[in-house]
Amino acid sequence: MKRKKICLVTISPETEYSRRVMTGIFAQCKRYGYDVVVVSALVSVCNYYKNYLSGELNIYNLINFELFDGFIITPVTMTEDNNMFLYESLLEQFKNCPKPVVSIDMEFGNYPVVYTDDKIPFKRITEHLIKKHNCKTFDILSGPESSPDKAPLTNQRLQGILEVLKANNIPMDDDHIFRGDFWYLSGERLANRYISGELELPDAVICLSDHMALGLINRLKKHDIKVPDDVIVTGFGAVREAAINTPPLTSYVPGQAKTGAEAVNKLRTIIDPAASLVDYEENKNECLKLGASCGCEEDFNYTRAFFKEQFGIKYNYDDASIWDNINMTMLQESYMTELLTGAETPEICLGKIYESKYLLRPYKSFYLCLNDNWLNTDENLTQGYTDTMLLAVSAEANSKLHGKHNHVFIGEGKERPFKKAEMLPAFTENIKESFKEPQVFYFAPIHFGNISLGYAVLQNDLANPGYIGEVFRNYLRNINNALEMSRTKYRSIYLAEHDSMTGLKNRRGMEDAIQQKILNAPDNAQTQIFAIVVDMDGLKKRNDLHGHSEGDNGIMVVAKAVRSITEADEICVRGGGDEFFILGVGDYTDHQLREKLSRFKGYLETANETMTIPVEASIGYCLQPLDKKEGFQLVLDKADEKMYEDKRSKKIKG
């Protein structure tokens with residue numbers, strides 16, 4: 001039976017909030033035997049580089065509602081600092097979604113919402129400040145009053161604080177509850193009011209988010225107001241910045257993993273109504289985390305946990321075990337950037353990407369999907385993805401077929417096209433070994449600025465999901481830059497080897513291409529080489545009588561006729577002026593070549609039915625066994641002679 005597939009639509013998957021939600025979703029989907037597809041931009045909606053953000057957000061245009069049984073969405077991470085453009089865009093997109101959707105911690109249209117229970121954490125925080133630190137006066141930096149979408153979060157948190165204050169006979173009025181936006185700036189604004197003397201410092205400020213608390217602490221510190229000596233500050237969320245701040249912020253790990261699991265349960269009641277539900281096991285890590293901002297001695301297990309992910313740490317690279325969990329230091333020291341950007345051709349670049357796959361560990365499969373026109377620098381690639389995509393790299397960690405030639409599909413007829421609507425060919429390959437257990441697929445954008453090139457997919461077992469974070473994001477940034485460099489190099493080479501008017505190869509491009517074909521051709525008696533030479537009749541007369549624009553029109557008609565009889569593995573050339581060549585190497589027959597000439601003449605006859613001034617051309621061919629030492633020039637010269645025979649015969653008849 002086909003497994004159900006749940007799509008998580010989120011953003012900034014390396015943040016603590018997203019990771020915790022994913023932990024619960026993954027655990028519950030593993031229990032139920034569901035696959036999970038995570039579609040996510042890798043940066044925040046607050047990203048200051050707007051062109052880069054635009055390229056990231058294209059990933060959401062890829063979503064095909066028909067491929068999934070249900071959706072989970074995290075609007076909270078999509079509305080940081082009150083940025084609503086992504087939220088509103090997705091809301092419009094999901095109006096057409098025929099499948100069930102569950103939102104987490106914030107309203108999303110009329111879809112059901114599962115909220116994290118934040119009341120108990122704030123009761124614990126408040127009790128700690130009263131009982132441990134004997135705090136008597138409090139200010140509260142709350143959430144936005146004008147945002148009904150986020151009101152449940154704000155109300156729960158406030159209610160937890162106020163219940164404990166009331167139980168301890170500590171008065172609290174609205175003048176000491178300050179509205180914020182869950183982001184740094186509201187903390188800084190409150191700090192300015194303390195600094196100016198407008199507000200008296202309380203014993204403690206309870207902030208409803210870490211980011212607001214950090215904005216408050218760091219602005220106070222700049223003006224010599226010390227935390228916790230002059231005022232205690234606490235946060236909520238236990239994000240990385242809180243743990244490594246100076247002073248480290250006392251915070252709380254919320255139960256967002258449980259919320260993610262409950263969102264899966266909510267979907268299950270809709271998509272699998274007869275199935276039973278399993279309660280999510282509580283995470284013991286969901287508790288108060290002690291930094292120094294409350295006056296306690298910091299818990300080093302909390303504050304130092306993030307330092308191992310920082311840059312500059314040296315490792316013993318002889319220890320094989322470290323290669324199973326690549327970090328930023330190892331990524332930086334891999335010289336991936338130099339190896340990729342130094343690649344001479346797109347094929348070599350993709351091969352280098354394949355060779356760098358070890359930097360994604362732990363992973364099961366890695367896919368690189370590119371727009372079918374990604375190499376065309378003249379195309380507008382800022383609006384999502386092409387209807388046909390190319391599977392450029394398909395790397396499996398445990399593949400027995402080693403080497404890039406087995407996993408890189410570009411050039412020489414190796415392209416693997418698929419419909420964008422499929423999102424990933426692997427979705428339908430259920431017979432693969434990797435699909436015996438529930439899987440997770442992470443979809444992330446590949447782009448340069450706002451130029452959309454494609455997307456990458458990382459696949460793992462749900463039992464070992466390998467959460468994507470800084471390494472994956474920066475790995476893809478290296479790929480973004482390298483592919484753009486490849487596009488630029490390819491364009492330069494293309495212009496040097498192609499005729500600008502017709503788009504056909506020029507003589508330089510012809511020589512490079514045919515020499516490569518001759519070099520790679522098998523050494524046997526069946527291998528033939530052929531040349532067809534075409535020359536437009538009466539070009540000078542056409543130019544003199546009707547003007548050069550009409551002469552150019554005639555050249556383009558002949559060029560299209562020549563292209564129409566050229567197969568994908570053959571070389572089509574504008575030799576200069578009104579002269580064209582076709583060359584090929586393979587097991588050709590004389591009959592095939594005569595049939596090509598017949599089709600060429602038929603094309604011109606059809607074209608001339610709509611032409612005011614008919615176009616004529618002479619044509620000749622030569623076919624002979626391939627002699628690698630002899631090369632291509634002799635067969636081209638013989639075809640040229642045949643073409644002139646055709647031209648002379650017309651003059652005799654005329």
# chains A, B, ... in the order shown; residues from 1 in each chain; ligands from 1

call {"tool": "residues_around", "arguments": {"residues": "stretch 580-594 of chain A", "least_positions_apart": "6", "cutoff": "6 Å", "atoms": "only C-alpha atoms", "output": "PyMOL selection string"}}
result
chain A and resi 526-534+570-574

call {"tool": "residues_around", "arguments": {"residues": "A:Leu214", "least_positions_apart": "4", "cutoff": "7 Å", "atoms": "only C-alpha atoms", "output": "JSON, numbers by chain"}}
result
{"A": [184, 210, 218, 242]}

call {"tool": "residues_around", "arguments": {"residues": "A:Ala257", "least_positions_apart": "5", "cutoff": "12 Å", "atoms": "only C-alpha atoms", "output": "list in words"}}
result
Glu16, Tyr17, Ser18, Arg19, Arg20, Val21, Met22, Thr23, Gly24, Ile25, Phe26, Ala27, Gln28, Ile104, Asp105, Val114, Tyr115, Thr116, Asp117, Glu262, Ala263, Val264, Tyr280, Glu281, Glu282, Asn283, Lys284, Asn285 and Glu286 of chain A

call {"tool": "select_by_dssp", "arguments": {"residues": "stretch 385-540 of chain A", "states": "strand (DSSP E or B)", "output": "PyMOL selection string"}}
result
chain A and resi 388-396+408+417-419+439-448+451-461+498+505+528-536

call {"tool": "atom_distance", "arguments": {"atom1": "atom CA of A:Gly235", "atom2": "atom CA of A:Phe138"}}
result
13.6 Å

call {"tool": "residues_around", "arguments": {"residues": "stretch 466-478 of chain A", "least_positions_apart": "5", "cutoff": "6 Å", "atoms": "only C-alpha atoms", "output": "list of chain:residue names"}}
result
A:Glu14, A:Met328, A:Thr337, A:Pro362

call {"tool": "residues_around", "arguments": {"residues": "stretch 80-91 of chain A", "least_positions_apart": "2", "cutoff": "12 Å", "atoms": "only C-alpha atoms", "output": "short mmCIF file (atom, residue, chain, number, x, y, z; two decimals) with all heavy atoms, in the first residue's frame"}}
result
data_model
loop_
_atom_site.label_atom_id
_atom_site.label_comp_id
_atom_site.auth_asym_id
_atom_site.auth_seq_id
_atom_site.Cartn_x
_atom_site.Cartn_y
_atom_site.Cartn_z
N VAL A 9 5.41 22.89 5.38
CA VAL A 9 5.80 24.14 4.74
C VAL A 9 6.30 25.07 5.83
O VAL A 9 5.54 25.50 6.71
CB VAL A 9 4.61 24.78 3.99
CG1 VAL A 9 5.04 26.05 3.27
CG2 VAL A 9 4.03 23.78 2.99
N THR A 10 7.59 25.37 5.79
CA THR A 10 8.20 26.16 6.86
C THR A 10 9.26 27.08 6.28
O THR A 10 9.38 27.23 5.06
CB THR A 10 8.78 25.21 7.95
OG1 THR A 10 9.21 25.99 9.07
CG2 THR A 10 9.93 24.38 7.42
N ILE A 11 10.05 27.70 7.15
CA ILE A 11 11.14 28.58 6.72
C ILE A 11 12.20 28.56 7.81
O ILE A 11 11.90 28.25 8.97
CB ILE A 11 10.64 30.02 6.45
CG1 ILE A 11 11.69 30.84 5.70
CG2 ILE A 11 10.19 30.70 7.73
CD1 ILE A 11 11.18 32.18 5.17
N SER A 12 13.44 28.86 7.45
CA SER A 12 14.57 28.85 8.39
C SER A 12 14.61 27.57 9.20
O SER A 12 14.49 27.58 10.43
CB SER A 12 14.47 30.05 9.35
OG SER A 12 14.46 31.26 8.66
N SER A 40 11.11 24.37 2.20
CA SER A 40 11.54 25.49 3.03
C SER A 40 12.57 26.36 2.36
O SER A 40 13.53 25.86 1.77
CB SER A 40 12.12 24.95 4.35
OG SER A 40 12.59 25.99 5.16
N ALA A 41 12.39 27.68 2.46
CA ALA A 41 13.49 28.61 2.22
C ALA A 41 14.43 28.50 3.41
O ALA A 41 14.00 28.20 4.53
CB ALA A 41 12.97 30.03 2.08
N VAL A 43 16.51 30.89 4.66
CA VAL A 43 16.82 32.13 5.38
C VAL A 43 15.54 32.73 5.95
O VAL A 43 14.44 32.34 5.57
CB VAL A 43 17.52 33.16 4.47
CG1 VAL A 43 18.84 32.61 3.94
CG2 VAL A 43 16.61 33.59 3.32
N SER A 44 15.70 33.70 6.84
CA SER A 44 14.56 34.34 7.48
C SER A 44 13.89 35.34 6.54
O SER A 44 14.53 35.88 5.62
CB SER A 44 15.04 35.06 8.74
OG SER A 44 14.09 36.00 9.18
N VAL A 45 12.60 35.61 6.78
CA VAL A 45 11.91 36.65 6.00
C VAL A 45 12.50 38.03 6.30
O VAL A 45 12.21 38.98 5.56
CB VAL A 45 10.39 36.67 6.30
CG1 VAL A 45 9.72 35.46 5.70
CG2 VAL A 45 10.12 36.77 7.79
N CYS A 46 13.29 38.14 7.35
CA CYS A 46 13.94 39.41 7.68
C CYS A 46 15.26 39.60 6.94
O CYS A 46 15.94 40.61 7.15
CB CYS A 46 14.21 39.49 9.18
SG CYS A 46 12.73 39.38 10.19
N ASN A 47 15.65 38.65 6.11
CA ASN A 47 16.93 38.73 5.42
C ASN A 47 17.06 40.06 4.69
O ASN A 47 16.18 40.43 3.90
CB ASN A 47 17.07 37.55 4.45
CG ASN A 47 18.46 37.42 3.88
OD1 ASN A 47 18.87 38.17 3.01
ND2 ASN A 47 19.20 36.45 4.38
N LEU A 53 16.67 36.83 -0.92
CA LEU A 53 15.43 36.34 -0.31
C LEU A 53 14.41 35.98 -1.38
O LEU A 53 13.73 34.96 -1.28
CB LEU A 53 14.87 37.41 0.63
CG LEU A 53 13.55 37.07 1.32
CD1 LEU A 53 13.68 35.83 2.18
CD2 LEU A 53 13.06 38.26 2.16
N SER A 54 14.32 36.80 -2.42
CA SER A 54 13.39 36.52 -3.52
C SER A 54 13.71 35.18 -4.17
O SER A 54 12.81 34.38 -4.48
CB SER A 54 13.45 37.64 -4.56
OG SER A 54 12.65 37.34 -5.68
N GLU A 56 15.18 32.66 -2.73
CA GLU A 56 14.84 31.62 -1.76
C GLU A 56 13.34 31.30 -1.79
O GLU A 56 12.94 30.14 -1.77
CB GLU A 56 15.24 32.08 -0.36
CG GLU A 56 16.72 32.06 -0.07
CD GLU A 56 17.24 30.67 0.22
OE1 GLU A 56 16.64 29.96 1.04
OE2 GLU A 56 18.26 30.29 -0.37
N LEU A 57 12.53 32.34 -1.85
CA LEU A 57 11.08 32.14 -1.71
C LEU A 57 10.46 31.46 -2.91
O LEU A 57 9.31 31.00 -2.84
CB LEU A 57 10.39 33.49 -1.45
CG LEU A 57 10.82 34.22 -0.17
CD1 LEU A 57 9.99 35.47 0.04
CD2 LEU A 57 10.72 33.31 1.05
N ASN A 58 11.19 31.37 -4.01
CA ASN A 58 10.67 30.65 -5.18
C ASN A 58 10.35 29.19 -4.87
O ASN A 58 9.55 28.56 -5.56
CB ASN A 58 11.68 30.71 -6.34
CG ASN A 58 11.40 31.86 -7.27
OD1 ASN A 58 10.25 32.21 -7.51
ND2 ASN A 58 12.45 32.46 -7.80
N ILE A 59 10.98 28.63 -3.83
CA ILE A 59 10.79 27.21 -3.54
C ILE A 59 9.33 26.88 -3.28
O ILE A 59 8.87 25.77 -3.58
CB ILE A 59 11.67 26.78 -2.34
CG1 ILE A 59 11.73 25.25 -2.23
CG2 ILE A 59 11.18 27.40 -1.05
CD1 ILE A 59 12.41 24.57 -3.37
N TYR A 60 8.56 27.85 -2.79
CA TYR A 60 7.15 27.57 -2.48
C TYR A 60 6.30 27.45 -3.75
O TYR A 60 5.21 26.86 -3.70
CB TYR A 60 6.60 28.64 -1.54
CG TYR A 60 7.38 28.74 -0.26
CD1 TYR A 60 8.20 29.84 0.01
CD2 TYR A 60 7.34 27.71 0.68
CE1 TYR A 60 8.94 29.92 1.18
CE2 TYR A 60 8.09 27.78 1.86
CZ TYR A 60 8.88 28.88 2.09
OH TYR A 60 9.63 28.96 3.25
N ASN A 61 6.80 28.00 -4.86
CA ASN A 61 6.08 27.85 -6.13
C ASN A 61 6.12 26.43 -6.65
O ASN A 61 5.40 26.09 -7.59
CB ASN A 61 6.68 28.79 -7.19
CG ASN A 61 6.52 30.24 -6.83
OD1 ASN A 61 5.50 30.64 -6.27
ND2 ASN A 61 7.51 31.06 -7.13
N LEU A 62 6.97 25.61 -6.06
CA LEU A 62 7.14 24.23 -6.52
C LEU A 62 6.04 23.31 -6.01
O LEU A 62 5.77 22.26 -6.60
CB LEU A 62 8.51 23.71 -6.05
CG LEU A 62 8.89 22.28 -6.41
CD1 LEU A 62 9.05 22.13 -7.92
CD2 LEU A 62 10.18 21.88 -5.71
N ILE A 63 5.38 23.69 -4.92
CA ILE A 63 4.45 22.77 -4.24
C ILE A 63 3.31 22.34 -5.16
O ILE A 63 2.62 23.17 -5.74
CB ILE A 63 3.88 23.44 -2.97
CG1 ILE A 63 5.00 23.77 -1.99
CG2 ILE A 63 2.83 22.54 -2.32
CD1 ILE A 63 4.55 24.62 -0.82
N ILE A 73 1.79 23.76 8.36
CA ILE A 73 2.45 25.02 8.05
C ILE A 73 2.78 25.75 9.35
O ILE A 73 2.06 25.64 10.34
CB ILE A 73 1.57 25.89 7.12
CG1 ILE A 73 2.36 27.07 6.57
CG2 ILE A 73 0.28 26.34 7.81
CD1 ILE A 73 1.73 27.71 5.35
N THR A 74 3.91 26.48 9.36
CA THR A 74 4.37 27.19 10.56
C THR A 74 4.41 28.69 10.31
O THR A 74 5.47 29.26 10.06
CB THR A 74 5.78 26.70 10.97
OG1 THR A 74 6.70 27.00 9.90
CG2 THR A 74 5.79 25.21 11.24
N PRO A 75 3.28 29.37 10.42
CA PRO A 75 3.25 30.82 10.11
C PRO A 75 4.10 31.68 11.04
O PRO A 75 4.53 32.76 10.64
CB PRO A 75 1.76 31.16 10.27
CG PRO A 75 1.03 29.87 10.15
CD PRO A 75 1.94 28.85 10.73
N VAL A 76 4.34 31.23 12.27
CA VAL A 76 5.10 32.05 13.23
C VAL A 76 6.47 32.41 12.67
O VAL A 76 6.90 33.57 12.74
CB VAL A 76 5.24 31.33 14.58
CG1 VAL A 76 6.24 32.04 15.48
CG2 VAL A 76 3.89 31.24 15.28
N THR A 77 7.16 31.44 12.09
CA THR A 77 8.50 31.70 11.56
C THR A 77 8.45 32.51 10.27
O THR A 77 9.48 33.04 9.84
CB THR A 77 9.24 30.37 11.29
OG1 THR A 77 8.42 29.53 10.47
CG2 THR A 77 9.55 29.66 12.59
N MET A 78 7.27 32.60 9.67
CA MET A 78 7.13 33.32 8.40
C MET A 78 6.72 34.78 8.61
O MET A 78 6.56 35.51 7.62
CB MET A 78 6.08 32.63 7.52
CG MET A 78 6.45 31.21 7.16
SD MET A 78 5.09 30.38 6.33
CE MET A 78 5.87 28.78 5.98
N GLN A 93 -1.96 31.24 -2.12
CA GLN A 93 -1.64 29.99 -2.82
C GLN A 93 -2.48 28.83 -2.28
O GLN A 93 -2.97 28.00 -3.05
CB GLN A 93 -0.15 29.69 -2.66
CG GLN A 93 0.34 28.47 -3.41
CD GLN A 93 1.86 28.30 -3.26
OE1 GLN A 93 2.56 29.22 -2.86
NE2 GLN A 93 2.37 27.13 -3.59
N PHE A 94 -2.67 28.78 -0.96
CA PHE A 94 -3.36 27.66 -0.35
C PHE A 94 -4.89 27.75 -0.47
O PHE A 94 -5.59 26.83 -0.06
CB PHE A 94 -2.94 27.51 1.11
CG PHE A 94 -1.75 26.60 1.29
CD1 PHE A 94 -0.47 27.06 0.99
CD2 PHE A 94 -1.90 25.30 1.71
CE1 PHE A 94 0.63 26.23 1.12
CE2 PHE A 94 -0.81 24.46 1.84
CZ PHE A 94 0.46 24.92 1.55
N LYS A 95 -5.39 28.84 -1.04
CA LYS A 95 -6.83 28.90 -1.33
C LYS A 95 -7.23 27.82 -2.31
O LYS A 95 -8.39 27.39 -2.35
CB LYS A 95 -7.19 30.28 -1.88
CG LYS A 95 -7.23 31.39 -0.85
CD LYS A 95 -7.63 32.71 -1.48
CE LYS A 95 -7.68 33.83 -0.45
NZ LYS A 95 -8.04 35.13 -1.08
N ASN A 96 -6.27 27.37 -3.12
CA ASN A 96 -6.54 26.33 -4.13
C ASN A 96 -6.17 24.94 -3.65
O ASN A 96 -6.16 23.99 -4.45
CB ASN A 96 -5.75 26.66 -5.41
CG ASN A 96 -6.13 28.00 -5.99
OD1 ASN A 96 -7.31 28.33 -6.08
ND2 ASN A 96 -5.13 28.78 -6.40
N CYS A 97 -5.84 24.80 -2.38
CA CYS A 97 -5.39 23.50 -1.87
C CYS A 97 -6.60 22.61 -1.55
O CYS A 97 -7.43 22.96 -0.70
CB CYS A 97 -4.54 23.69 -0.62
SG CYS A 97 -3.95 22.13 0.09
N VAL A 101 -5.18 20.96 5.78
CA VAL A 101 -4.04 21.77 6.23
C VAL A 101 -4.19 22.02 7.73
O VAL A 101 -5.30 22.32 8.20
CB VAL A 101 -3.96 23.11 5.48
CG1 VAL A 101 -2.78 23.95 5.99
CG2 VAL A 101 -3.86 22.89 3.98
N SER A 103 -2.34 24.33 10.83
CA SER A 103 -1.37 25.38 11.15
C SER A 103 -0.88 25.18 12.58
O SER A 103 -1.58 24.62 13.43
CB SER A 103 -2.02 26.75 10.99
OG SER A 103 -1.10 27.78 11.30
N MET A 106 -0.38 29.66 15.12
CA MET A 106 -0.88 30.92 14.58
C MET A 106 -1.94 30.62 13.53
O MET A 106 -1.84 29.63 12.80
CB MET A 106 0.28 31.71 13.95
CG MET A 106 -0.09 33.04 13.34
SD MET A 106 1.40 33.89 12.75
CE MET A 106 0.65 35.22 11.79
N GLU A 107 -2.96 31.45 13.48
CA GLU A 107 -4.02 31.24 12.49
C GLU A 107 -3.47 31.35 11.08
O GLU A 107 -2.62 32.19 10.78
CB GLU A 107 -5.14 32.26 12.70
CG GLU A 107 -5.96 32.03 13.95
CD GLU A 107 -7.11 33.00 14.07
OE1 GLU A 107 -7.35 33.76 13.11
OE2 GLU A 107 -7.77 33.01 15.12
N PHE A 108 -4.00 30.49 10.21
CA PHE A 108 -3.65 30.53 8.79
C PHE A 108 -4.94 30.30 8.02
O PHE A 108 -5.40 29.16 7.88
CB PHE A 108 -2.62 29.45 8.46
CG PHE A 108 -2.12 29.47 7.04
CD1 PHE A 108 -1.31 30.50 6.59
CD2 PHE A 108 -2.48 28.47 6.14
CE1 PHE A 108 -0.85 30.52 5.28
CE2 PHE A 108 -2.02 28.48 4.84
CZ PHE A 108 -1.20 29.51 4.40
N GLY A 109 -5.54 31.40 7.58
CA GLY A 109 -6.85 31.28 6.95
C GLY A 109 -7.85 30.69 7.94
O GLY A 109 -7.86 31.01 9.13
N ASN A 110 -8.68 29.80 7.42
CA ASN A 110 -9.68 29.15 8.26
C ASN A 110 -9.28 27.73 8.64
O ASN A 110 -10.11 26.94 9.11
CB ASN A 110 -11.04 29.12 7.54
CG ASN A 110 -11.59 30.51 7.32
OD1 ASN A 110 -11.51 31.36 8.20
ND2 ASN A 110 -12.14 30.75 6.13
N TYR A 111 -8.01 27.40 8.44
CA TYR A 111 -7.55 26.04 8.74
C TYR A 111 -7.41 25.86 10.25
O TYR A 111 -7.17 26.82 10.99
CB TYR A 111 -6.21 25.78 8.06
CG TYR A 111 -6.29 25.78 6.56
CD1 TYR A 111 -5.63 26.75 5.80
CD2 TYR A 111 -7.04 24.81 5.88
CE1 TYR A 111 -5.70 26.76 4.42
CE2 TYR A 111 -7.11 24.82 4.49
CZ TYR A 111 -6.45 25.79 3.77
OH TYR A 111 -6.53 25.80 2.41
N GLY A 143 3.35 40.46 23.73
CA GLY A 143 3.23 40.37 22.28
C GLY A 143 2.38 41.49 21.73
O GLY A 143 1.88 42.34 22.48
N PRO A 144 2.16 41.51 20.43
CA PRO A 144 1.42 42.61 19.80
C PRO A 144 -0.08 42.54 20.09
O PRO A 144 -0.72 41.53 19.87
CB PRO A 144 1.71 42.43 18.31
CG PRO A 144 2.03 40.98 18.16
CD PRO A 144 2.67 40.55 19.44
N SER A 146 -2.35 44.25 18.57
CA SER A 146 -3.13 44.42 17.34
C SER A 146 -3.11 43.20 16.44
O SER A 146 -3.63 43.24 15.35
CB SER A 146 -2.60 45.62 16.55
OG SER A 146 -1.24 45.41 16.21
N SER A 147 -2.50 42.12 16.87
CA SER A 147 -2.37 40.94 16.01
C SER A 147 -3.20 39.79 16.57
O SER A 147 -2.73 39.02 17.40
CB SER A 147 -0.90 40.52 15.90
OG SER A 147 -0.80 39.32 15.16
N ASP A 149 -3.93 37.13 15.18
CA ASP A 149 -3.32 35.86 14.77
C ASP A 149 -2.41 35.31 15.87
O ASP A 149 -2.31 34.10 16.07
CB ASP A 149 -2.51 36.03 13.49
CG ASP A 149 -3.40 36.28 12.29
OD1 ASP A 149 -4.58 35.89 12.37
OD2 ASP A 149 -2.93 36.86 11.31
N LYS A 150 -1.70 36.22 16.55
CA LYS A 150 -0.74 35.79 17.57
C LYS A 150 -1.28 35.96 18.99
O LYS A 150 -0.58 35.69 19.96
CB LYS A 150 0.56 36.59 17.41
CG LYS A 150 1.28 36.31 16.10
CD LYS A 150 2.59 37.05 16.01
CE LYS A 150 3.30 36.74 14.70
NZ LYS A 150 4.57 37.47 14.56
N GLY A 180 4.97 44.32 22.57
CA GLY A 180 6.11 44.16 21.67
C GLY A 180 5.71 43.37 20.45
O GLY A 180 4.52 43.11 20.22
N ASP A 181 6.70 42.95 19.68
CA ASP A 181 6.40 42.22 18.43
C ASP A 181 7.18 40.91 18.33
O ASP A 181 7.35 40.36 17.25
CB ASP A 181 6.71 43.10 17.21
CG ASP A 181 8.15 43.61 17.21
OD1 ASP A 181 8.96 43.13 18.04
OD2 ASP A 181 8.46 44.47 16.37
N PHE A 182 7.67 40.43 19.49
CA PHE A 182 8.45 39.20 19.56
C PHE A 182 9.83 39.33 18.91
O PHE A 182 10.53 38.34 18.74
CB PHE A 182 7.70 38.01 18.94
CG PHE A 182 6.45 37.63 19.66
CD1 PHE A 182 5.23 37.65 19.03
CD2 PHE A 182 6.49 37.24 20.99
CE1 PHE A 182 4.06 37.30 19.70
CE2 PHE A 182 5.34 36.88 21.67
CZ PHE A 182 4.12 36.92 21.03
N TRP A 183 10.23 40.54 18.53
CA TRP A 183 11.49 40.71 17.82
C TRP A 183 12.39 41.69 18.58
O TRP A 183 11.99 42.33 19.53
CB TRP A 183 11.23 41.19 16.38
CG TRP A 183 12.34 40.89 15.42
CD1 TRP A 183 13.05 41.79 14.70
CD2 TRP A 183 12.87 39.61 15.08
NE1 TRP A 183 14.00 41.15 13.92
CE2 TRP A 183 13.91 39.81 14.14
CE3 TRP A 183 12.58 38.32 15.48
CZ2 TRP A 183 14.65 38.76 13.60
CZ3 TRP A 183 13.32 37.27 14.94
CH2 TRP A 183 14.34 37.50 14.01
N TYR A 184 13.65 41.79 18.18
CA TYR A 184 14.66 42.57 18.90
C TYR A 184 14.24 44.02 19.14
O TYR A 184 14.49 44.58 20.21
CB TYR A 184 15.98 42.59 18.11
CG TYR A 184 16.62 41.25 17.85
CD1 TYR A 184 16.47 40.62 16.63
CD2 TYR A 184 17.38 40.62 18.83
CE1 TYR A 184 17.08 39.39 16.37
CE2 TYR A 184 17.99 39.40 18.59
CZ TYR A 184 17.82 38.79 17.36
OH TYR A 184 18.42 37.58 17.12
N LEU A 185 13.64 44.66 18.13
CA LEU A 185 13.41 46.10 18.18
C LEU A 185 12.51 46.51 19.34
O LEU A 185 12.72 47.57 19.94
CB LEU A 185 12.81 46.58 16.85
CG LEU A 185 13.75 46.51 15.64
CD1 LEU A 185 13.03 46.98 14.39
CD2 LEU A 185 15.00 47.36 15.89
N SER A 186 11.52 45.70 19.66
CA SER A 186 10.63 46.08 20.76
C SER A 186 11.38 46.03 22.09
O SER A 186 11.11 46.83 22.99
CB SER A 186 9.40 45.18 20.79
OG SER A 186 9.75 43.82 20.76
N GLY A 187 12.35 45.11 22.23
CA GLY A 187 13.20 45.10 23.42
C GLY A 187 14.06 46.34 23.50
O GLY A 187 14.25 46.93 24.58
N SER A 209 9.52 36.56 24.55
CA SER A 209 10.35 35.88 23.55
C SER A 209 11.81 36.19 23.82
O SER A 209 12.14 37.25 24.39
CB SER A 209 9.99 36.31 22.13
OG SER A 209 10.59 37.54 21.79
N HIS A 211 14.10 36.91 21.60
CA HIS A 211 14.61 38.00 20.76
C HIS A 211 14.33 39.36 21.39
O HIS A 211 15.17 40.26 21.37
CB HIS A 211 14.01 37.91 19.36
CG HIS A 211 14.46 36.70 18.59
ND1 HIS A 211 13.64 35.62 18.37
CD2 HIS A 211 15.65 36.39 18.04
CE1 HIS A 211 14.31 34.70 17.70
NE2 HIS A 211 15.54 35.14 17.49
N MET A 212 13.13 39.52 21.97
CA MET A 212 12.84 40.79 22.66
C MET A 212 13.76 40.95 23.87
O MET A 212 14.26 42.05 24.13
CB MET A 212 11.38 40.83 23.09
CG MET A 212 10.40 40.88 21.93
SD MET A 212 8.69 41.31 22.41
CE MET A 212 8.24 39.93 23.45
#

call {"tool": "residues_around", "arguments": {"residues": "stretch 516-521 of chain A", "least_positions_apart": "3", "cutoff": "7 Å", "atoms": "only C-alpha atoms", "output": "list in words"}}
result
Asp512, Ala513, Val585 and Lys628 of chain A

call {"tool": "select_by_dssp", "arguments": {"residues": "stretch 11-98 of chain A", "states": "alpha helix (DSSP H)", "output": "ChimeraX atom specification"}}
result
/A:16-32,50-57,85-93

call {"tool": "residues_around", "arguments": {"residues": "stretch 293-301 of chain A", "least_positions_apart": "4", "cutoff": "7 Å", "atoms": "only C-alpha atoms", "output": "NGL selection string"}}
result
:A and (227-228 or 232-234 or 247-250 or 305)

call {"tool": "write_last_selection", "arguments": {"atoms": "C-alpha atoms", "output": "tab-separated table (two decimals), in the first residue's frame"}}
result
chain	number	residue	atom	x	y	z
A	227	VAL	CA	21.89	42.54	33.84
A	228	PRO	CA	21.25	40.94	36.32
A	232	ILE	CA	16.81	40.69	35.89
A	233	VAL	CA	15.69	39.77	32.38
A	234	THR	CA	14.25	36.45	31.21
A	247	PRO	CA	25.26	37.45	29.80
A	248	PRO	CA	23.59	34.20	28.73
A	249	LEU	CA	19.82	34.57	28.86
A	250	THR	CA	17.71	32.56	31.28
A	305	ALA	CA	25.91	23.27	23.88

call {"tool": "closest_residue", "arguments": {"among": "A:Gln515, A:Met536, A:Asp224, A:Leu604", "to": "A:Gly631", "atoms": "only C-alpha atoms"}}
result
A:Gln515

call {"tool": "atom_distance", "arguments": {"atom1": "atom CA of A:Thr606", "atom2": "atom CA of A:Ser564"}}
result
12.5 Å

call {"tool": "closest_residue", "arguments": {"among": "A:Ser142, A:Lys414, A:Leu401, A:Ala392", "to": "A:Ile177", "atoms": "only C-alpha atoms"}}
result
A:Ser142

call {"tool": "atom_distance", "arguments": {"atom1": "atom CA of A:Met643", "atom2": "atom CA of A:Ala568"}}
result
23.4 Å

call {"tool": "closest_residue", "arguments": {"among": "A:Ile565, A:Ala421, A:Leu42, A:Leu201", "to": "A:Ile446", "atoms": "only C-alpha atoms"}}
result
A:Leu42
